[in-house]
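Visitor: This one is query.tsv, TSV, N, CA and C atoms.
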```tsv
chain	number	residue	atom	x	y	z
A	19	GLN	N	3.86	-4.06	4.41
A	19	GLN	CA	3.68	-4.57	3.07
A	19	GLN	C	2.23	-4.99	2.84
A	20	VAL	N	1.82	-4.92	1.60
A	20	VAL	CA	0.47	-5.29	1.21
A	20	VAL	C	0.56	-6.30	0.07
A	21	GLN	N	-0.26	-7.33	0.15
A	21	GLN	CA	-0.34	-8.30	-0.94
A	21	GLN	C	-1.74	-8.24	-1.55
A	22	LEU	N	-1.78	-8.26	-2.87
A	22	LEU	CA	-3.04	-8.24	-3.60
A	22	LEU	C	-3.11	-9.46	-4.50
A	23	VAL	N	-4.22	-10.17	-4.43
A	23	VAL	CA	-4.38	-11.38	-5.23
A	23	VAL	C	-5.71	-11.30	-5.99
A	24	GLU	N	-5.60	-11.30	-7.32
A	24	GLU	CA	-6.82	-11.26	-8.14
A	24	GLU	C	-7.30	-12.66	-8.46
A	25	SER	N	-8.59	-12.76	-8.73
A	25	SER	CA	-9.18	-14.01	-9.19
A	25	SER	C	-10.45	-13.68	-9.95
A	26	GLY	N	-10.97	-14.69	-10.66
A	26	GLY	CA	-12.25	-14.51	-11.33
A	26	GLY	C	-12.18	-14.34	-12.83
A	27	GLY	N	-10.99	-14.27	-13.38
A	27	GLY	CA	-10.88	-14.13	-14.83
A	27	GLY	C	-11.29	-15.41	-15.53
A	28	GLY	N	-11.39	-15.33	-16.86
A	28	GLY	CA	-11.75	-16.50	-17.63
A	28	GLY	C	-12.16	-16.14	-19.03
A	29	LEU	N	-12.75	-17.11	-19.70
A	29	LEU	CA	-13.22	-16.95	-21.08
A	29	LEU	C	-14.73	-16.81	-21.08
A	30	VAL	N	-15.22	-15.79	-21.76
A	30	VAL	CA	-16.66	-15.54	-21.80
A	30	VAL	C	-17.03	-15.04	-23.19
A	31	GLN	N	-18.25	-15.30	-23.60
A	31	GLN	CA	-18.71	-14.81	-24.89
A	31	GLN	C	-19.10	-13.34	-24.79
A	32	ALA	N	-19.06	-12.67	-25.89
A	32	ALA	CA	-19.48	-11.27	-25.93
A	32	ALA	C	-20.91	-11.15	-25.41
A	33	GLY	N	-21.11	-10.12	-24.59
A	33	GLY	CA	-22.40	-9.93	-23.95
A	33	GLY	C	-22.52	-10.56	-22.59
A	34	GLY	N	-21.54	-11.40	-22.25
A	34	GLY	CA	-21.56	-12.08	-20.97
A	34	GLY	C	-21.01	-11.23	-19.84
A	35	SER	N	-20.89	-11.87	-18.67
A	35	SER	CA	-20.46	-11.17	-17.46
A	35	SER	C	-19.39	-11.97	-16.73
A	36	LEU	N	-18.55	-11.26	-16.01
A	36	LEU	CA	-17.57	-11.85	-15.10
A	36	LEU	C	-17.45	-10.93	-13.90
A	37	ARG	N	-17.08	-11.52	-12.78
A	37	ARG	CA	-16.78	-10.71	-11.60
A	37	ARG	C	-15.36	-11.03	-11.14
A	38	LEU	N	-14.54	-10.02	-11.13
A	38	LEU	CA	-13.17	-10.16	-10.64
A	38	LEU	C	-13.12	-9.80	-9.17
A	39	SER	N	-12.24	-10.47	-8.45
A	39	SER	CA	-12.03	-10.19	-7.04
A	39	SER	C	-10.57	-9.85	-6.81
A	40	CYS	N	-10.33	-8.98	-5.85
A	40	CYS	CA	-8.98	-8.62	-5.44
A	40	CYS	C	-8.93	-8.69	-3.92
A	41	ALA	N	-8.28	-9.71	-3.41
A	41	ALA	CA	-8.18	-9.89	-1.96
A	41	ALA	C	-6.88	-9.25	-1.47
A	42	ALA	N	-7.02	-8.39	-0.48
A	42	ALA	CA	-5.86	-7.69	0.08
A	42	ALA	C	-5.50	-8.28	1.43
A	43	SER	N	-4.21	-8.36	1.69
A	43	SER	CA	-3.73	-8.83	2.99
A	43	SER	C	-2.49	-8.03	3.36
A	44	GLY	N	-2.11	-8.13	4.62
A	44	GLY	CA	-0.96	-7.38	5.09
A	44	GLY	C	-1.41	-6.08	5.71
A	45	ARG	N	-0.61	-5.04	5.52
A	45	ARG	CA	-0.87	-3.74	6.13
A	45	ARG	C	-1.91	-2.96	5.31
A	46	ILE	N	-3.11	-3.48	5.23
A	46	ILE	CA	-4.13	-2.90	4.35
A	46	ILE	C	-4.64	-1.56	4.86
A	47	ILE	N	-4.45	-1.29	6.14
A	47	ILE	CA	-4.93	-0.02	6.68
A	47	ILE	C	-4.20	1.15	6.02
A	48	SER	N	-3.04	0.88	5.45
A	48	SER	CA	-2.27	1.95	4.81
A	48	SER	C	-2.79	2.31	3.42
A	49	ILE	N	-3.64	1.48	2.85
A	49	ILE	CA	-4.12	1.71	1.49
A	49	ILE	C	-5.20	2.79	1.48
A	50	ASN	N	-5.02	3.80	0.63
A	50	ASN	CA	-5.98	4.89	0.53
A	50	ASN	C	-6.95	4.70	-0.62
A	51	THR	N	-6.46	4.19	-1.73
A	51	THR	CA	-7.32	3.97	-2.88
A	51	THR	C	-7.04	2.60	-3.48
A	52	MET	N	-8.09	2.05	-4.09
A	52	MET	CA	-7.96	0.79	-4.80
A	52	MET	C	-8.55	0.99	-6.19
A	53	ASP	N	-7.88	0.45	-7.18
A	53	ASP	CA	-8.46	0.53	-8.51
A	53	ASP	C	-8.06	-0.66	-9.36
A	54	TRP	N	-8.64	-0.69	-10.54
A	54	TRP	CA	-8.38	-1.75	-11.50
A	54	TRP	C	-7.77	-1.15	-12.76
A	55	TYR	N	-6.79	-1.86	-13.29
A	55	TYR	CA	-6.19	-1.53	-14.57
A	55	TYR	C	-6.31	-2.77	-15.46
A	56	ARG	N	-6.04	-2.56	-16.74
A	56	ARG	CA	-5.99	-3.70	-17.65
A	56	ARG	C	-4.94	-3.44	-18.73
A	57	GLN	N	-4.44	-4.54	-19.27
A	57	GLN	CA	-3.44	-4.43	-20.32
A	57	GLN	C	-3.74	-5.46	-21.39
A	58	ALA	N	-4.08	-4.97	-22.56
A	58	ALA	CA	-4.35	-5.84	-23.70
A	58	ALA	C	-3.03	-6.15	-24.42
A	59	PRO	N	-2.99	-7.24	-25.17
A	59	PRO	CA	-1.76	-7.60	-25.88
A	59	PRO	C	-1.29	-6.46	-26.80
A	60	GLY	N	-0.02	-6.12	-26.65
A	60	GLY	CA	0.56	-5.09	-27.51
A	60	GLY	C	0.18	-3.67	-27.14
A	61	LYS	N	-0.54	-3.49	-26.03
A	61	LYS	CA	-0.98	-2.15	-25.63
A	61	LYS	C	-0.46	-1.81	-24.25
A	62	GLN	N	-0.48	-0.51	-23.94
A	62	GLN	CA	-0.07	-0.08	-22.62
A	62	GLN	C	-1.16	-0.37	-21.60
A	63	ARG	N	-0.73	-0.47	-20.36
A	63	ARG	CA	-1.70	-0.69	-19.29
A	63	ARG	C	-2.58	0.55	-19.18
A	64	GLU	N	-3.89	0.32	-19.05
A	64	GLU	CA	-4.81	1.44	-18.93
A	64	GLU	C	-5.66	1.31	-17.67
A	65	TRP	N	-6.01	2.45	-17.13
A	65	TRP	CA	-6.83	2.49	-15.92
A	65	TRP	C	-8.28	2.20	-16.28
A	66	VAL	N	-8.98	1.48	-15.38
A	66	VAL	CA	-10.34	1.06	-15.66
A	66	VAL	C	-11.34	1.68	-14.68
A	67	ALA	N	-11.06	1.54	-13.38
A	67	ALA	CA	-12.03	2.00	-12.40
A	67	ALA	C	-11.32	2.26	-11.08
A	68	LEU	N	-11.85	3.23	-10.32
A	68	LEU	CA	-11.26	3.65	-9.05
A	68	LEU	C	-12.29	3.59	-7.94
A	69	MET	N	-11.87	3.06	-6.81
A	69	MET	CA	-12.71	3.06	-5.61
A	69	MET	C	-11.94	3.81	-4.53
A	70	PRO	N	-12.15	5.13	-4.43
A	70	PRO	CA	-11.46	5.89	-3.38
A	70	PRO	C	-12.14	5.69	-2.03
A	71	SER	N	-11.42	5.97	-0.97
A	71	SER	CA	-12.01	5.86	0.35
A	71	SER	C	-12.97	7.01	0.58
A	72	GLY	N	-14.21	6.68	0.94
A	72	GLY	CA	-15.17	7.71	1.29
A	72	GLY	C	-15.66	8.57	0.14
A	73	ALA	N	-15.57	8.08	-1.07
A	73	ALA	CA	-16.02	8.84	-2.23
A	73	ALA	C	-16.63	7.89	-3.25
A	74	ASN	N	-17.27	8.47	-4.24
A	74	ASN	CA	-17.91	7.66	-5.27
A	74	ASN	C	-16.89	7.07	-6.23
A	75	ALA	N	-17.27	5.94	-6.79
A	75	ALA	CA	-16.40	5.29	-7.76
A	75	ALA	C	-16.31	6.11	-9.04
A	76	VAL	N	-15.20	5.92	-9.74
A	76	VAL	CA	-14.96	6.62	-10.99
A	76	VAL	C	-14.56	5.58	-12.03
A	77	TYR	N	-15.00	5.80	-13.28
A	77	TYR	CA	-14.78	4.81	-14.32
A	77	TYR	C	-14.20	5.43	-15.58
A	78	ALA	N	-13.45	4.62	-16.30
A	78	ALA	CA	-13.02	5.02	-17.63
A	78	ALA	C	-14.24	5.06	-18.55
A	79	ASP	N	-14.22	5.95	-19.52
A	79	ASP	CA	-15.36	6.07	-20.43
A	79	ASP	C	-15.67	4.76	-21.15
A	80	SER	N	-14.64	4.00	-21.42
A	80	SER	CA	-14.82	2.76	-22.19
A	80	SER	C	-15.60	1.69	-21.44
A	81	VAL	N	-15.69	1.82	-20.12
A	81	VAL	CA	-16.40	0.80	-19.33
A	81	VAL	C	-17.58	1.37	-18.56
A	82	LYS	N	-17.77	2.66	-18.60
A	82	LYS	CA	-18.83	3.30	-17.83
A	82	LYS	C	-20.19	2.73	-18.24
A	83	GLY	N	-20.99	2.40	-17.24
A	83	GLY	CA	-22.30	1.82	-17.49
A	83	GLY	C	-22.29	0.31	-17.64
A	84	ARG	N	-21.10	-0.28	-17.78
A	84	ARG	CA	-21.00	-1.74	-17.93
A	84	ARG	C	-20.27	-2.38	-16.76
A	85	PHE	N	-19.29	-1.69	-16.20
A	85	PHE	CA	-18.48	-2.23	-15.10
A	85	PHE	C	-18.86	-1.51	-13.80
A	86	THR	N	-18.77	-2.26	-12.70
A	86	THR	CA	-19.03	-1.69	-11.38
A	86	THR	C	-17.95	-2.15	-10.42
A	87	ILE	N	-17.30	-1.19	-9.78
A	87	ILE	CA	-16.30	-1.50	-8.76
A	87	ILE	C	-16.97	-1.39	-7.39
A	88	SER	N	-16.65	-2.33	-6.50
A	88	SER	CA	-17.23	-2.31	-5.17
A	88	SER	C	-16.22	-2.90	-4.20
A	89	ARG	N	-16.51	-2.75	-2.91
A	89	ARG	CA	-15.59	-3.30	-1.92
A	89	ARG	C	-16.38	-3.92	-0.78
A	90	ASP	N	-15.79	-4.92	-0.17
A	90	ASP	CA	-16.32	-5.55	1.03
A	90	ASP	C	-15.24	-5.40	2.08
A	91	ASN	N	-15.41	-4.42	2.95
A	91	ASN	CA	-14.37	-4.14	3.94
A	91	ASN	C	-14.17	-5.30	4.91
A	92	ALA	N	-15.23	-6.03	5.20
A	92	ALA	CA	-15.12	-7.16	6.13
A	92	ALA	C	-14.23	-8.26	5.55
A	93	LYS	N	-14.21	-8.36	4.22
A	93	LYS	CA	-13.41	-9.39	3.57
A	93	LYS	C	-12.12	-8.83	2.97
A	94	ASN	N	-11.90	-7.53	3.14
A	94	ASN	CA	-10.71	-6.89	2.56
A	94	ASN	C	-10.60	-7.19	1.07
A	95	THR	N	-11.71	-7.08	0.40
A	95	THR	CA	-11.77	-7.46	-1.01
A	95	THR	C	-12.44	-6.37	-1.84
A	96	VAL	N	-11.88	-6.14	-3.00
A	96	VAL	CA	-12.46	-5.23	-3.98
A	96	VAL	C	-12.90	-6.06	-5.18
A	97	TYR	N	-14.03	-5.70	-5.73
A	97	TYR	CA	-14.59	-6.45	-6.84
A	97	TYR	C	-14.71	-5.57	-8.08
A	98	LEU	N	-14.72	-6.22	-9.23
A	98	LEU	CA	-15.04	-5.54	-10.47
A	98	LEU	C	-16.07	-6.40	-11.20
A	99	GLN	N	-17.31	-5.96	-11.16
A	99	GLN	CA	-18.37	-6.64	-11.88
A	99	GLN	C	-18.38	-6.13	-13.32
A	100	MET	N	-18.23	-7.03	-14.25
A	100	MET	CA	-18.14	-6.65	-15.67
A	100	MET	C	-19.31	-7.27	-16.41
A	101	ASN	N	-20.17	-6.41	-16.94
A	101	ASN	CA	-21.34	-6.85	-17.70
A	101	ASN	C	-21.22	-6.39	-19.15
A	102	SER	N	-22.03	-6.98	-19.99
A	102	SER	CA	-22.05	-6.62	-21.41
A	102	SER	C	-20.63	-6.59	-21.99
A	103	LEU	N	-19.89	-7.62	-21.72
A	103	LEU	CA	-18.50	-7.66	-22.15
A	103	LEU	C	-18.35	-7.67	-23.66
A	104	LYS	N	-17.30	-7.02	-24.12
A	104	LYS	CA	-17.00	-6.92	-25.54
A	104	LYS	C	-15.62	-7.53	-25.82
A	105	PRO	N	-15.37	-7.96	-27.04
A	105	PRO	CA	-14.05	-8.51	-27.35
A	105	PRO	C	-12.92	-7.55	-27.01
A	106	GLU	N	-13.16	-6.27	-27.13
A	106	GLU	CA	-12.12	-5.28	-26.82
A	106	GLU	C	-11.85	-5.17	-25.32
A	107	ASP	N	-12.62	-5.83	-24.50
A	107	ASP	CA	-12.34	-5.88	-23.06
A	107	ASP	C	-11.31	-6.96	-22.74
A	108	THR	N	-10.94	-7.75	-23.74
A	108	THR	CA	-9.94	-8.78	-23.52
A	108	THR	C	-8.61	-8.18	-23.08
A	109	ALA	N	-8.12	-8.64	-21.93
A	109	ALA	CA	-6.89	-8.09	-21.36
A	109	ALA	C	-6.55	-8.85	-20.09
A	110	VAL	N	-5.36	-8.59	-19.59
A	110	VAL	CA	-5.02	-9.00	-18.23
A	110	VAL	C	-5.44	-7.86	-17.31
A	111	TYR	N	-6.23	-8.19	-16.31
A	111	TYR	CA	-6.74	-7.19	-15.38
A	111	TYR	C	-5.92	-7.24	-14.09
A	112	TYR	N	-5.51	-6.05	-13.65
A	112	TYR	CA	-4.66	-5.92	-12.48
A	112	TYR	C	-5.36	-5.09	-11.41
A	113	CYS	N	-5.22	-5.55	-10.19
A	113	CYS	CA	-5.67	-4.80	-9.02
A	113	CYS	C	-4.50	-3.93	-8.55
A	114	HIS	N	-4.80	-2.71	-8.16
A	114	HIS	CA	-3.77	-1.77	-7.73
A	114	HIS	C	-4.22	-1.06	-6.46
A	115	GLY	N	-3.31	-0.97	-5.52
A	115	GLY	CA	-3.59	-0.22	-4.30
A	115	GLY	C	-2.50	0.83	-4.09
A	116	ARG	N	-2.88	1.95	-3.55
A	116	ARG	CA	-1.92	3.03	-3.30
A	116	ARG	C	-2.06	3.52	-1.87
A	117	SER	N	-0.91	3.64	-1.21
A	117	SER	CA	-0.87	4.31	0.08
A	117	SER	C	-0.20	5.67	-0.11
A	118	ILE	N	-0.68	6.63	0.67
A	118	ILE	CA	-0.13	7.98	0.56
A	118	ILE	C	1.05	8.18	1.49
A	119	LEU	N	0.94	7.66	2.70
A	119	LEU	CA	2.01	7.82	3.68
A	119	LEU	C	2.42	6.46	4.21
A	120	PRO	N	3.51	5.89	3.73
A	120	PRO	CA	4.37	6.44	2.69
A	120	PRO	C	3.76	6.23	1.31
A	121	LEU	N	4.22	7.01	0.34
A	121	LEU	CA	3.73	6.85	-1.02
A	121	LEU	C	4.25	5.55	-1.61
A	122	ARG	N	3.31	4.65	-1.88
A	122	ARG	CA	3.71	3.33	-2.36
A	122	ARG	C	2.57	2.74	-3.17
A	123	ASP	N	2.94	2.03	-4.22
A	123	ASP	CA	1.97	1.35	-5.07
A	123	ASP	C	2.12	-0.16	-4.93
A	124	TYR	N	0.98	-0.83	-4.91
A	124	TYR	CA	0.95	-2.28	-4.81
A	124	TYR	C	0.15	-2.83	-5.99
A	125	TRP	N	0.64	-3.91	-6.56
A	125	TRP	CA	-0.01	-4.54	-7.71
A	125	TRP	C	-0.23	-6.03	-7.45
A	126	GLY	N	-1.34	-6.52	-7.97
A	126	GLY	CA	-1.56	-7.95	-7.98
A	126	GLY	C	-0.86	-8.58	-9.18
A	127	GLN	N	-0.99	-9.88	-9.30
A	127	GLN	CA	-0.30	-10.60	-10.36
A	127	GLN	C	-1.07	-10.57	-11.68
A	128	GLY	N	-2.33	-10.16	-11.64
A	128	GLY	CA	-3.15	-10.08	-12.84
A	128	GLY	C	-3.99	-11.33	-13.06
A	129	THR	N	-5.12	-11.13	-13.71
A	129	THR	CA	-5.99	-12.25	-14.08
A	129	THR	C	-6.48	-12.02	-15.51
A	130	GLN	N	-6.42	-13.07	-16.31
A	130	GLN	CA	-6.74	-12.95	-17.73
A	130	GLN	C	-8.24	-12.98	-17.96
A	131	VAL	N	-8.71	-12.03	-18.73
A	131	VAL	CA	-10.10	-12.01	-19.19
A	131	VAL	C	-10.08	-12.06	-20.71
A	132	THR	N	-10.77	-13.04	-21.26
A	132	THR	CA	-10.85	-13.19	-22.71
A	132	THR	C	-12.32	-13.21	-23.12
A	133	VAL	N	-12.68	-12.31	-24.02
A	133	VAL	CA	-14.05	-12.21	-24.49
A	133	VAL	C	-14.09	-12.60	-25.97
A	134	SER	N	-14.81	-13.65	-26.26
A	134	SER	CA	-14.89	-14.13	-27.64
A	134	SER	C	-16.08	-13.51	-28.35
A	135	SER	N	-15.91	-13.31	-29.64
A	135	SER	CA	-17.01	-12.69	-30.43
A	135	SER	C	-17.96	-13.73	-30.98
```
Spell out the structure here as structure tokens.

Guide:
Amino acid sequence: QVQLVESGGGLVQAGGSLRLSCAASGRIISINTMDWYRQAPGKQREWVALMPSGANAVYADSVKGRFTISRDNAKNTVYLQMNSLKPEDTAVYYCHGRSILPLRDYWGQGTQVTVSS
């Protein structure tokens, strides 16, 4: 089993920055990819950024150039640095991990990000 715990959300003004953290514990060696999703009120959950093992990060067009996903293997933590935040970035942000063998998805509890105009 894998546990994911997000932190770092909060209230920020438009143009500001936040850094989200996702700490992984448990059988983390089984995780092949880590990414971030978000869900705004009344909307479906959408993918934000992907950090695959041994490959370059990939971003949704809506955050490209503003968000950066990174990982610290020593701390078993994945980060999402969010700059130039916009009100439309307001959402609950979720950390997601996927193992291939066996195929399994893991989710954190989410952290709220609110961007005021």

Visitor: If you count only C-alpha atoms, which residues fall within 8 Å of Gly27 of chain A, apart from same-chain ones fewer than 2 positions away, as a list in words?

Guide: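 Listing them by chain and then by number gives Ser25, Leu29, Leu36, Arg37, Leu38, Thr129, Gln130, Val131 and Thr132 of chain A.
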
Visitor: How many Å separate atom CA of Asp107 of chain A from atom CA of Val66 of chain A?

Guide: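 Distance reported for this atom pair: 10.3 Å.
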
Visitor: Quick one: pull the distance between atom CA of Tyr77 of chain A and atom CA of Arg89 of chain A, Å, one decimal.

Guide: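 Here the two named atoms are 14.8 Å from each other.
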
Visitor: State, in Å with one decimal place, the distance from atom N of Leu119 of chain A to atom C of Ile49 of chain A.

Guide: 7.9 Å

Visitor: May I have all residues of chain A that DSSP, computed from the backbone, assigns to helix (DSSP H, G or I), given as an NGL selection string?

Guide: :A and (46-48 or 91-93 or 105-107)

Visitor: Compile the contact shell of Ala58 of chain A as a PyMOL selection string: residues with an atom at most 5 Å away, counting only N, CA and C atoms, same-chain residues fewer than 4 positions apart removed.

Guide: chain A and resi 108-110

Visitor: Could you pull out every residue with an atom within 6.5 Å of (-10.1, -10.7, -4.1), file coordinates, counting only N, CA and C atoms, and send them as a PDB file with N, CA and C atoms, in the frame of the given file?

Guide:
```pdb
ATOM      1  N   VAL A  23      -4.220 -10.170  -4.430  1.00  0.00           N
ATOM      2  CA  VAL A  23      -4.380 -11.380  -5.230  1.00  0.00           C
ATOM      3  C   VAL A  23      -5.710 -11.300  -5.990  1.00  0.00           C
ATOM      4  N   GLU A  24      -5.600 -11.300  -7.320  1.00  0.00           N
ATOM      5  CA  GLU A  24      -6.820 -11.260  -8.140  1.00  0.00           C
ATOM      6  C   GLU A  24      -7.300 -12.660  -8.460  1.00  0.00           C
ATOM      7  N   SER A  25      -8.590 -12.760  -8.730  1.00  0.00           N
ATOM      8  CA  SER A  25      -9.180 -14.010  -9.190  1.00  0.00           C
ATOM      9  C   SER A  25     -10.450 -13.680  -9.950  1.00  0.00           C
ATOM     10  N   LEU A  38     -14.540 -10.020 -11.130  1.00  0.00           N
ATOM     11  CA  LEU A  38     -13.170 -10.160 -10.640  1.00  0.00           C
ATOM     12  C   LEU A  38     -13.120  -9.800  -9.170  1.00  0.00           C
ATOM     13  N   SER A  39     -12.240 -10.470  -8.450  1.00  0.00           N
ATOM     14  CA  SER A  39     -12.030 -10.190  -7.040  1.00  0.00           C
ATOM     15  C   SER A  39     -10.570  -9.850  -6.810  1.00  0.00           C
ATOM     16  N   CYS A  40     -10.330  -8.980  -5.850  1.00  0.00           N
ATOM     17  CA  CYS A  40      -8.980  -8.620  -5.440  1.00  0.00           C
ATOM     18  C   CYS A  40      -8.930  -8.690  -3.920  1.00  0.00           C
ATOM     19  N   ALA A  41      -8.280  -9.710  -3.410  1.00  0.00           N
ATOM     20  CA  ALA A  41      -8.180  -9.890  -1.960  1.00  0.00           C
ATOM     21  C   ALA A  41      -6.880  -9.250  -1.470  1.00  0.00           C
ATOM     22  N   ALA A  42      -7.020  -8.390  -0.480  1.00  0.00           N
ATOM     23  CA  ALA A  42      -5.860  -7.690   0.080  1.00  0.00           C
ATOM     24  C   ALA A  42      -5.500  -8.280   1.430  1.00  0.00           C
ATOM     25  N   ASN A  94     -11.900  -7.530   3.140  1.00  0.00           N
ATOM     26  CA  ASN A  94     -10.710  -6.890   2.560  1.00  0.00           C
ATOM     27  C   ASN A  94     -10.600  -7.190   1.070  1.00  0.00           C
ATOM     28  N   THR A  95     -11.710  -7.080   0.400  1.00  0.00           N
ATOM     29  CA  THR A  95     -11.770  -7.460  -1.010  1.00  0.00           C
ATOM     30  C   THR A  95     -12.440  -6.370  -1.840  1.00  0.00           C
ATOM     31  N   VAL A  96     -11.880  -6.140  -3.000  1.00  0.00           N
ATOM     32  CA  VAL A  96     -12.460  -5.230  -3.980  1.00  0.00           C
ATOM     33  C   VAL A  96     -12.900  -6.060  -5.180  1.00  0.00           C
TER      34      VAL A  96
END
```

Visitor: Working from the structure I just supplied, which lacks atoms in segment 92-107 of chain A, can you model N, CA, C and O atoms there and output them as a PDB file, in the frame of the given file?

Guide:
```pdb
ATOM      1  N   ALA A  92     -15.230  -6.030   5.200  1.00  0.00           N
ATOM      2  CA  ALA A  92     -15.120  -7.160   6.130  1.00  0.00           C
ATOM      3  C   ALA A  92     -14.230  -8.260   5.550  1.00  0.00           C
ATOM      4  O   ALA A  92     -13.564  -8.982   6.293  1.00  0.00           O
ATOM      5  N   LYS A  93     -14.210  -8.360   4.220  1.00  0.00           N
ATOM      6  CA  LYS A  93     -13.410  -9.390   3.570  1.00  0.00           C
ATOM      7  C   LYS A  93     -12.120  -8.830   2.970  1.00  0.00           C
ATOM      8  O   LYS A  93     -11.355  -9.566   2.340  1.00  0.00           O
ATOM      9  N   ASN A  94     -11.900  -7.530   3.140  1.00  0.00           N
ATOM     10  CA  ASN A  94     -10.710  -6.890   2.560  1.00  0.00           C
ATOM     11  C   ASN A  94     -10.600  -7.190   1.070  1.00  0.00           C
ATOM     12  O   ASN A  94      -9.512  -7.517   0.562  1.00  0.00           O
ATOM     13  N   THR A  95     -11.710  -7.080   0.400  1.00  0.00           N
ATOM     14  CA  THR A  95     -11.770  -7.460  -1.010  1.00  0.00           C
ATOM     15  C   THR A  95     -12.440  -6.370  -1.840  1.00  0.00           C
ATOM     16  O   THR A  95     -13.432  -5.789  -1.395  1.00  0.00           O
ATOM     17  N   VAL A  96     -11.880  -6.140  -3.000  1.00  0.00           N
ATOM     18  CA  VAL A  96     -12.460  -5.230  -3.980  1.00  0.00           C
ATOM     19  C   VAL A  96     -12.900  -6.060  -5.180  1.00  0.00           C
ATOM     20  O   VAL A  96     -12.190  -6.991  -5.584  1.00  0.00           O
ATOM     21  N   TYR A  97     -14.030  -5.700  -5.730  1.00  0.00           N
ATOM     22  CA  TYR A  97     -14.590  -6.450  -6.840  1.00  0.00           C
ATOM     23  C   TYR A  97     -14.710  -5.570  -8.080  1.00  0.00           C
ATOM     24  O   TYR A  97     -14.810  -4.348  -7.998  1.00  0.00           O
ATOM     25  N   LEU A  98     -14.720  -6.220  -9.230  1.00  0.00           N
ATOM     26  CA  LEU A  98     -15.040  -5.540 -10.470  1.00  0.00           C
ATOM     27  C   LEU A  98     -16.070  -6.400 -11.200  1.00  0.00           C
ATOM     28  O   LEU A  98     -15.729  -7.471 -11.728  1.00  0.00           O
ATOM     29  N   GLN A  99     -17.310  -5.960 -11.160  1.00  0.00           N
ATOM     30  CA  GLN A  99     -18.370  -6.640 -11.880  1.00  0.00           C
ATOM     31  C   GLN A  99     -18.380  -6.130 -13.320  1.00  0.00           C
ATOM     32  O   GLN A  99     -18.526  -4.919 -13.539  1.00  0.00           O
ATOM     33  N   MET A 100     -18.230  -7.030 -14.250  1.00  0.00           N
ATOM     34  CA  MET A 100     -18.140  -6.650 -15.670  1.00  0.00           C
ATOM     35  C   MET A 100     -19.310  -7.270 -16.410  1.00  0.00           C
ATOM     36  O   MET A 100     -19.426  -8.493 -16.497  1.00  0.00           O
ATOM     37  N   ASN A 101     -20.170  -6.410 -16.940  1.00  0.00           N
ATOM     38  CA  ASN A 101     -21.340  -6.850 -17.700  1.00  0.00           C
ATOM     39  C   ASN A 101     -21.220  -6.390 -19.150  1.00  0.00           C
ATOM     40  O   ASN A 101     -20.431  -5.510 -19.469  1.00  0.00           O
ATOM     41  N   SER A 102     -22.030  -6.980 -19.990  1.00  0.00           N
ATOM     42  CA  SER A 102     -22.050  -6.620 -21.410  1.00  0.00           C
ATOM     43  C   SER A 102     -20.630  -6.590 -21.990  1.00  0.00           C
ATOM     44  O   SER A 102     -20.239  -5.631 -22.667  1.00  0.00           O
ATOM     45  N   LEU A 103     -19.890  -7.620 -21.720  1.00  0.00           N
ATOM     46  CA  LEU A 103     -18.500  -7.660 -22.150  1.00  0.00           C
ATOM     47  C   LEU A 103     -18.350  -7.670 -23.660  1.00  0.00           C
ATOM     48  O   LEU A 103     -19.183  -8.255 -24.380  1.00  0.00           O
ATOM     49  N   LYS A 104     -17.300  -7.020 -24.120  1.00  0.00           N
ATOM     50  CA  LYS A 104     -17.000  -6.920 -25.540  1.00  0.00           C
ATOM     51  C   LYS A 104     -15.620  -7.530 -25.820  1.00  0.00           C
ATOM     52  O   LYS A 104     -14.774  -7.588 -24.908  1.00  0.00           O
ATOM     53  N   PRO A 105     -15.370  -7.960 -27.040  1.00  0.00           N
ATOM     54  CA  PRO A 105     -14.050  -8.510 -27.350  1.00  0.00           C
ATOM     55  C   PRO A 105     -12.920  -7.550 -27.010  1.00  0.00           C
ATOM     56  O   PRO A 105     -11.834  -7.985 -26.614  1.00  0.00           O
ATOM     57  N   GLU A 106     -13.160  -6.270 -27.130  1.00  0.00           N
ATOM     58  CA  GLU A 106     -12.120  -5.280 -26.820  1.00  0.00           C
ATOM     59  C   GLU A 106     -11.850  -5.170 -25.320  1.00  0.00           C
ATOM     60  O   GLU A 106     -10.923  -4.453 -24.912  1.00  0.00           O
ATOM     61  N   ASP A 107     -12.620  -5.830 -24.500  1.00  0.00           N
ATOM     62  CA  ASP A 107     -12.340  -5.880 -23.060  1.00  0.00           C
ATOM     63  C   ASP A 107     -11.310  -6.960 -22.740  1.00  0.00           C
ATOM     64  O   ASP A 107     -10.863  -7.068 -21.591  1.00  0.00           O
TER      65      ASP A 107
END
```
